[in-house]
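*Asks:* Have a peek at upload34.txt (compact mmCIF, C-alpha atoms).
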# COMPACT_ATOMS: atom_id res chain seq x y z
CA MET R 174 -119.79 -79.29 -73.10
CA SER R 175 -122.44 -80.22 -70.49
CA ASN R 176 -125.86 -81.61 -71.42
CA GLU R 177 -127.50 -78.49 -69.98
CA THR R 178 -125.36 -76.20 -72.14
CA THR R 179 -126.11 -78.29 -75.22
CA ALA R 180 -129.84 -78.22 -74.45
CA ASN R 181 -129.78 -74.42 -74.07
CA SER R 182 -127.89 -74.06 -77.34
CA ASN R 183 -130.40 -76.28 -79.14
CA PHE R 184 -133.30 -74.29 -77.66
CA ILE R 185 -131.82 -71.01 -78.90
CA THR R 186 -131.20 -72.49 -82.34
CA ARG R 187 -134.77 -73.79 -82.58
CA PHE R 188 -136.19 -70.48 -81.34
CA ILE R 189 -134.26 -68.52 -83.98
CA ALA R 190 -135.39 -70.95 -86.68
CA ARG R 191 -139.03 -70.60 -85.63
CA MET R 192 -138.79 -66.81 -85.62
CA ASP R 193 -137.16 -66.86 -89.05
CA GLN R 194 -140.16 -68.81 -90.36
CA LYS R 195 -142.68 -66.48 -88.68
CA VAL R 196 -141.26 -63.38 -90.40
CA GLU R 197 -140.97 -65.14 -93.76
CA GLY R 198 -142.46 -63.04 -96.54
CA ARG R 199 -143.09 -60.08 -94.21
CA PRO R 200 -140.39 -57.45 -94.92
CA GLY R 201 -141.36 -55.15 -92.05
CA LEU R 202 -141.26 -57.87 -89.40
CA LEU R 203 -138.11 -59.29 -90.98
CA THR R 204 -136.33 -55.96 -90.49
CA VAL R 205 -137.51 -55.76 -86.87
CA TRP R 206 -136.27 -59.31 -86.24
CA GLN R 207 -132.93 -58.43 -87.86
CA VAL R 208 -132.65 -55.39 -85.57
CA VAL R 209 -133.26 -57.68 -82.58
CA LYS R 210 -130.55 -60.13 -83.66
CA PHE R 211 -128.21 -57.27 -84.55
CA SER R 212 -128.80 -55.79 -81.08
CA LEU R 213 -127.99 -59.07 -79.33
CA ILE R 214 -124.74 -59.37 -81.28
CA SER R 215 -124.02 -55.70 -80.53
CA ILE R 216 -124.07 -56.51 -76.82
CA VAL R 217 -121.19 -58.92 -77.41
CA VAL R 218 -119.49 -56.29 -79.60
CA ALA R 219 -119.83 -53.70 -76.81
CA LEU R 220 -118.32 -56.11 -74.28
CA ILE R 221 -115.37 -56.80 -76.60
CA GLN R 222 -114.86 -53.09 -77.19
CA THR R 223 -115.14 -52.23 -73.50
CA VAL R 224 -112.55 -54.81 -72.48
CA LEU R 225 -110.20 -53.61 -75.21
CA GLN R 226 -110.70 -49.98 -74.19
CA TYR R 227 -109.21 -50.83 -70.81
CA LEU R 228 -106.61 -53.38 -71.92
CA LEU R 229 -105.11 -51.62 -74.95
CA PRO R 230 -103.91 -48.54 -73.01
CA LEU R 231 -101.72 -50.92 -71.01
CA ILE R 232 -99.98 -51.73 -74.30
CA PHE R 233 -99.96 -48.34 -76.03
CA ASP R 234 -99.63 -45.80 -73.22
CA ASN R 235 -95.87 -45.75 -73.77
CA VAL R 236 -96.19 -44.96 -77.50
CA THR R 237 -95.02 -41.36 -77.86
CA ALA R 238 -95.10 -41.00 -81.66
CA VAL R 239 -97.35 -38.06 -82.53
CA LEU R 240 -100.20 -38.09 -85.03
CA PRO R 241 -99.58 -36.86 -88.60
CA SER R 242 -100.84 -33.35 -89.36
CA TRP R 243 -103.78 -34.60 -91.47
CA LEU R 244 -105.12 -36.47 -88.43
CA ALA R 245 -103.84 -34.32 -85.56
CA TRP R 246 -106.34 -31.52 -86.17
CA ILE R 247 -109.23 -33.83 -85.23
CA PHE R 248 -107.88 -34.21 -81.69
CA ASN R 249 -107.85 -30.80 -80.05
CA THR R 250 -105.80 -30.98 -76.86
CA ASP R 251 -107.71 -28.09 -75.26
CA SER R 252 -111.00 -29.98 -75.50
CA LEU R 253 -109.50 -33.37 -74.67
CA PHE R 254 -107.58 -32.55 -71.50
CA ASP R 255 -108.55 -30.28 -68.62
CA VAL R 256 -105.17 -29.47 -67.18
CA THR R 257 -106.81 -27.70 -64.23
CA THR R 258 -107.65 -31.14 -62.80
CA ALA R 259 -105.18 -33.74 -61.58
CA ALA R 260 -106.51 -36.39 -63.98
CA GLY R 261 -106.46 -34.02 -66.96
CA ALA R 262 -102.91 -32.84 -66.22
CA LYS R 263 -101.75 -36.44 -65.86
CA ASP R 264 -103.29 -37.48 -69.20
CA PHE R 265 -101.92 -34.36 -70.92
CA ALA R 266 -98.40 -35.19 -69.78
CA LYS R 267 -98.84 -38.79 -70.93
CA TYR R 268 -100.57 -38.32 -74.29
CA VAL R 269 -99.35 -34.96 -75.64
CA VAL R 270 -95.92 -34.22 -77.11
CA ASN R 271 -95.11 -30.70 -78.34
CA GLY R 272 -98.82 -29.86 -78.40
CA VAL R 273 -99.80 -32.90 -80.55
CA VAL R 274 -101.70 -35.95 -79.37
CA THR R 275 -99.77 -39.22 -79.56
CA TRP R 276 -100.75 -42.55 -81.10
CA GLY R 277 -100.70 -43.93 -77.57
CA TYR R 278 -103.92 -42.02 -76.90
CA VAL R 279 -105.65 -42.68 -80.25
CA LEU R 280 -104.81 -46.34 -80.97
CA PRO R 281 -106.96 -47.84 -78.17
CA PHE R 282 -110.00 -46.07 -79.61
CA PHE R 283 -109.19 -47.11 -83.19
CA LEU R 284 -108.26 -50.73 -82.56
CA SER R 285 -111.08 -51.52 -80.16
CA ASN R 286 -113.54 -50.24 -82.78
CA TYR R 287 -111.94 -52.18 -85.62
CA ILE R 288 -111.70 -55.51 -83.81
CA ALA R 289 -115.19 -55.38 -82.31
CA ASN R 290 -116.94 -54.28 -85.51
CA ILE R 291 -115.12 -56.73 -87.78
CA TYR R 292 -116.44 -59.43 -85.47
CA SER R 293 -119.87 -57.81 -85.84
CA TYR R 294 -119.69 -58.05 -89.63
CA ILE R 295 -118.67 -61.71 -89.61
CA GLN R 296 -121.29 -62.77 -87.06
CA ASN R 297 -124.13 -60.75 -88.60
CA LYS R 298 -123.32 -62.09 -92.05
CA LYS R 299 -123.77 -65.60 -90.70
CA THR R 300 -126.61 -65.15 -88.22
CA THR R 301 -128.58 -61.95 -88.74
CA PHE R 302 -128.64 -61.49 -92.50
CA LYS R 303 -127.72 -65.05 -93.59
CA SER R 304 -125.79 -63.65 -96.51
CA ASP R 305 -123.33 -65.03 -99.02
CA ALA R 306 -122.18 -61.56 -100.09
CA PRO R 307 -118.89 -61.48 -102.02
CA ARG R 308 -115.67 -60.57 -100.26
CA TRP R 309 -115.42 -57.18 -101.97
CA HIS R 310 -118.48 -56.10 -99.97
CA PHE R 311 -116.25 -56.36 -96.90
CA VAL R 312 -113.88 -53.87 -98.54
CA LEU R 313 -116.74 -51.36 -98.82
CA TYR R 314 -117.73 -52.10 -95.24
CA PHE R 315 -114.14 -51.56 -94.11
CA ILE R 316 -114.07 -48.13 -95.81
CA ILE R 317 -117.37 -47.12 -94.18
CA LEU R 318 -116.14 -48.46 -90.86
CA THR R 319 -112.88 -46.49 -91.14
CA LEU R 320 -114.69 -43.20 -91.81
CA LEU R 321 -117.11 -43.90 -89.00
CA ILE R 322 -114.30 -44.81 -86.59
CA VAL R 323 -112.46 -41.56 -87.37
CA PHE R 324 -115.56 -39.57 -86.50
CA ALA R 325 -116.50 -41.75 -83.51
CA THR R 326 -112.92 -41.59 -82.22
CA TRP R 327 -113.00 -37.81 -82.42
CA LEU R 328 -116.38 -37.81 -80.68
CA GLN R 329 -115.14 -40.11 -77.92
CA GLY R 330 -111.98 -38.07 -77.53
CA PHE R 331 -113.96 -34.84 -77.28
CA MET R 332 -116.34 -36.34 -74.72
CA TYR R 333 -113.46 -37.90 -72.79
CA GLY R 334 -112.03 -34.44 -72.21
CA TRP R 335 -115.47 -33.08 -71.28
CA VAL R 336 -116.09 -35.90 -68.79
CA ASN R 337 -112.73 -35.26 -67.14
CA HIS R 338 -113.86 -31.69 -66.43
CA ILE R 339 -116.17 -33.24 -63.84
CA ASP R 340 -114.49 -33.16 -60.45
CA SER R 341 -115.19 -36.74 -59.42
CA SER R 342 -112.71 -39.56 -59.03
CA PHE R 343 -115.48 -42.11 -59.69
CA VAL R 344 -116.45 -40.42 -62.98
CA HIS R 345 -112.79 -40.29 -63.99
CA ALA R 346 -112.46 -44.01 -63.29
CA ILE R 347 -115.32 -44.89 -65.67
CA SER R 348 -114.77 -42.04 -68.15
CA ARG R 349 -113.78 -44.33 -71.04
CA LEU R 350 -116.98 -46.30 -70.53
CA LEU R 351 -119.14 -43.18 -70.41
CA VAL R 352 -117.88 -41.75 -73.69
CA MET R 353 -118.64 -44.97 -75.56
CA ALA R 354 -122.45 -44.59 -75.24
CA PRO R 355 -123.23 -41.83 -77.80
CA ALA R 356 -120.52 -43.01 -80.20
CA GLY R 357 -121.85 -46.55 -79.85
CA MET R 358 -125.42 -45.48 -80.67
CA LEU R 359 -124.23 -43.65 -83.78
CA GLN R 360 -122.24 -46.68 -84.89
CA PHE R 361 -125.19 -48.99 -84.23
CA ILE R 362 -127.47 -47.06 -86.58
CA VAL R 363 -124.93 -46.51 -89.34
CA LEU R 364 -123.50 -50.04 -89.27
CA PHE R 365 -126.91 -51.73 -89.23
CA ILE R 366 -127.92 -49.83 -92.37
CA ALA R 367 -124.55 -50.54 -94.01
CA GLN R 368 -124.63 -54.25 -93.20
CA LYS R 369 -128.25 -54.66 -94.29
CA ILE R 370 -127.33 -53.17 -97.68
CA LEU R 371 -123.99 -54.97 -98.07
CA LEU R 372 -125.21 -58.34 -96.76
CA PRO R 373 -128.25 -59.29 -98.85
CA MET R 374 -129.96 -62.46 -97.68
CA ARG R 375 -129.39 -65.69 -99.59
CA GLU R 376 -132.31 -66.58 -101.87
CA GLU R 377 -132.96 -69.91 -100.13
CA ASP R 378 -133.19 -68.15 -96.75
CA LYS R 379 -135.83 -65.70 -97.97
CA HIS R 380 -138.31 -68.58 -98.06
CA PRO R 381 -137.05 -71.17 -95.55
CA SER R 382 -140.39 -73.02 -95.39
CA ALA R 383 -140.51 -73.55 -99.16
CA THR R 384 -136.88 -74.62 -99.16
CA ALA R 385 -137.48 -77.11 -96.35
CA ALA R 386 -140.54 -78.54 -98.11
CA ALA R 387 -138.59 -78.92 -101.34
CA ALA R 388 -135.78 -80.65 -99.45
CA ASP R 389 -138.25 -83.09 -97.88
CA GLU R 390 -139.81 -83.85 -101.26
CA LEU R 391 -136.36 -84.31 -102.77
CA ALA R 392 -135.38 -86.73 -100.00
CA ALA R 393 -138.57 -88.71 -100.58
CA ASP R 394 -137.76 -88.99 -104.29
CA ILE R 395 -134.09 -89.82 -103.90
CA GLY R 396 -134.57 -92.38 -101.13
CA PRO R 397 -136.16 -95.07 -103.34
CA ALA R 398 -133.71 -94.30 -106.12
CA VAL R 399 -130.77 -94.90 -103.80
CA LYS R 400 -132.26 -98.24 -102.73
CA ALA R 401 -132.69 -99.22 -106.36
CA VAL R 402 -129.12 -98.30 -107.18
CA ARG R 403 -127.81 -100.25 -104.21
CA SER R 404 -129.68 -103.36 -105.36
CA ARG R 405 -128.25 -103.19 -108.90
CA VAL R 406 -124.85 -101.61 -108.57
CA PRO R 407 -121.92 -102.98 -106.51
CA ALA R 408 -121.16 -100.83 -103.48
CA GLU R 409 -117.62 -100.12 -104.65
CA GLN R 410 -118.99 -98.51 -107.83
CA VAL R 411 -121.32 -96.26 -105.86
CA PHE R 412 -118.61 -95.05 -103.48
CA SER R 413 -116.09 -94.56 -106.29
CA ALA R 414 -118.51 -92.38 -108.27
CA PRO R 415 -117.68 -88.66 -108.67
CA LYS R 416 -118.67 -86.63 -105.61
CA GLY R 417 -122.36 -85.71 -105.60
CA ARG R 418 -123.28 -88.14 -108.38
CA ILE R 419 -125.01 -91.53 -108.30
CA PRO R 420 -124.67 -94.09 -111.14
CA VAL R 421 -128.09 -94.96 -112.53
CA ASN R 422 -128.77 -98.67 -113.14
CA GLY R 423 -125.06 -99.34 -113.39
CA ASN R 424 -124.68 -97.29 -116.59
CA ASP R 425 -122.29 -94.40 -117.08
CA LEU R 426 -125.13 -91.88 -116.86
CA TYR R 427 -125.00 -89.54 -113.87
CA LYS R 428 -127.54 -87.18 -112.37
CA THR R 429 -126.16 -84.61 -109.94
CA LEU R 430 -127.95 -83.88 -106.73
CA GLU R 431 -127.54 -80.21 -107.54
CA ASP R 432 -129.67 -80.68 -110.67
CA ARG R 433 -132.44 -82.33 -108.67
CA ILE R 434 -132.41 -79.57 -106.06
CA ARG R 435 -132.70 -76.93 -108.76
CA GLU R 436 -135.65 -78.77 -110.29
CA LYS R 437 -137.45 -78.95 -106.93
CA LEU R 438 -136.83 -75.27 -106.19
CA GLY R 439 -138.12 -74.24 -109.59
CA GLY R 440 -134.74 -73.42 -111.13
CA THR R 441 -133.59 -74.15 -114.63
CA GLU R 442 -133.52 -77.86 -115.35
CA THR R 443 -130.26 -79.11 -116.72
CA ASP R 444 -129.67 -81.92 -119.12
How would this structure read if it were set down as structure tokens?
*Replies:*
Amino acid sequence: MSNETTANSNFITRFIARMDQKVEGRPGLLTVWQVVKFSLISIVVALIQTVLQYLLPLIFDNVTAVLPSWLAWIFNTDSLFDVTTAAGAKDFAKYVVNGVVTWGYVLPFFLSNYIANIYSYIQNKKTTFKSDAPRWHFVLYFIILTLLIVFATWLQGFMYGWVNHIDSSFVHAISRLLVMAPAGMLQFIVLFIAQKILLPMREEDKHPSATAAAADELAADIGPAVKAVRSRVPAEQVFSAPKGRIPVNGNDLYKTLEDRIREKLGGTETD
């Protein structure tokens, strides 16, 4: 990685940290800032989905298995394909078997949505909402995402057929891109609300300034203690101590760093 790239990355990291501190304790501004970060990540999500929308048909166009009856009714061939146009007739011949849409038509819509929005969940959990939500929250998100994808896929399919009614080779060439816009806006709103609910912010990230101050105070307290231990306890005893614990004055008494952090942050003091 070049020095310029590293410098840019550090600048972005510092900028995000400063903004996180500015919105601290201000729920309204915090939500606005989360929308901004969510939007930036959504740009990446849209790029992933767009690329997949054009690549996946190369893999699945030859899939001729038809949809099951419980799913087939969502994809009305009359609204999807305008057989009066050359493009519509070509797609009808490719994606319809015995009057039923094939998986070769539907899978690119489904999979591009799944892959892009699972990435969205992972990245927003880490960056936007700074959450340590349990894994079962992802199960709920996956269910919401599935229902949303079914509807968005139907919406994109419906609009794809409508766009192909336009007698323009240029419009036909970018038709998959055009139908993503309204479905994408719907998904943006629904998924932001879902992720904000399912990805509650970690307690220590709700007040980053207080946490940083407590960490500084803790470091100031522990520093002299470490020096004292080093002067009285052989190095091999310190490094052989249980992880996270420092022997005090060479005795068998141990004080965990976790205990000290809890004390500084106002948590319950342990024995």
*Asks:* Enter the distance from CA of Trp276 (chain R) to CA of Val239 (chain R), in Å, rounded to one decimal.
*Replies:*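 CA of Val239 (chain R) lies at a distance of 5.8 Å from CA of Trp276 (chain R).
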*Asks:* Closest to Ala219 (chain R) among R:Ala260, R:Ala245, R:Met353, R:Ile189, using all atoms listed in the file?
*Replies:*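 Residue with the minimum atom-to-atom distance to Ala219 (chain R): R:Met353.
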*Asks:* For the point (-127.1, -49.8, -92.4) in the file's frame, write as a ChimeraX atom specification all residues with an atom no more than 12 Å away, counting all atoms listed in the file.
*Replies:* /R:204,207-208,211,294,297,302,314,317-318,359-373
*Asks:* Could you tell me which of R:Ile295, R:Ala259, R:Val312, R:Leu229 comes closest to His345 (chain R) if we count only C-alpha atoms?
*Replies:*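 Smallest separation from His345 (chain R) among the options: R:Ala259.
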*Asks:* Mind pulling up the distance from CA of Leu253 (chain R) to CA of Lys267 (chain R)?
*Replies:*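 Between CA of Lys267 (chain R) and CA of Leu253 (chain R) the gap works out to 12.5 Å.
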*Asks:* Please provide as number ranges by chain all residues within 10 Å of Gln329 (chain R), with the sequence filter that same-chain residues fewer than 2 positions apart are discarded (counting all atoms listed in the file).
*Replies:* R: 253, 282, 322-327, 331-335, 348-357
*Asks:* With only C-alpha atoms as the basis for distance, which of R:Val279, R:Val344, R:Leu284, R:Met374 is at the shortest distance from Ile247 (chain R)?
*Replies:*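 Closest to Ile247 (chain R) of all the choices is R:Val279.
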*Asks:* Separation of CA of Val270 (chain R) and CA of Thr257 (chain R), in Å?
*Replies:*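 CA of Thr257 (chain R) lies at a distance of 18.1 Å from CA of Val270 (chain R).
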*Asks:* Could you check the closest approach to Tyr268 (chain R) for each of R:Pro241, R:Pro230, R:Gly198, R:Pro307 and tell me which residue wins, using only C-alpha atoms?
*Replies:* R:Pro230
*Asks:* Using all atoms listed in the file, can you tell me which of R:Phe233, R:Tyr287, R:Trp206, R:Phe265 comes closest to Thr300 (chain R)?
*Replies:* R:Trp206
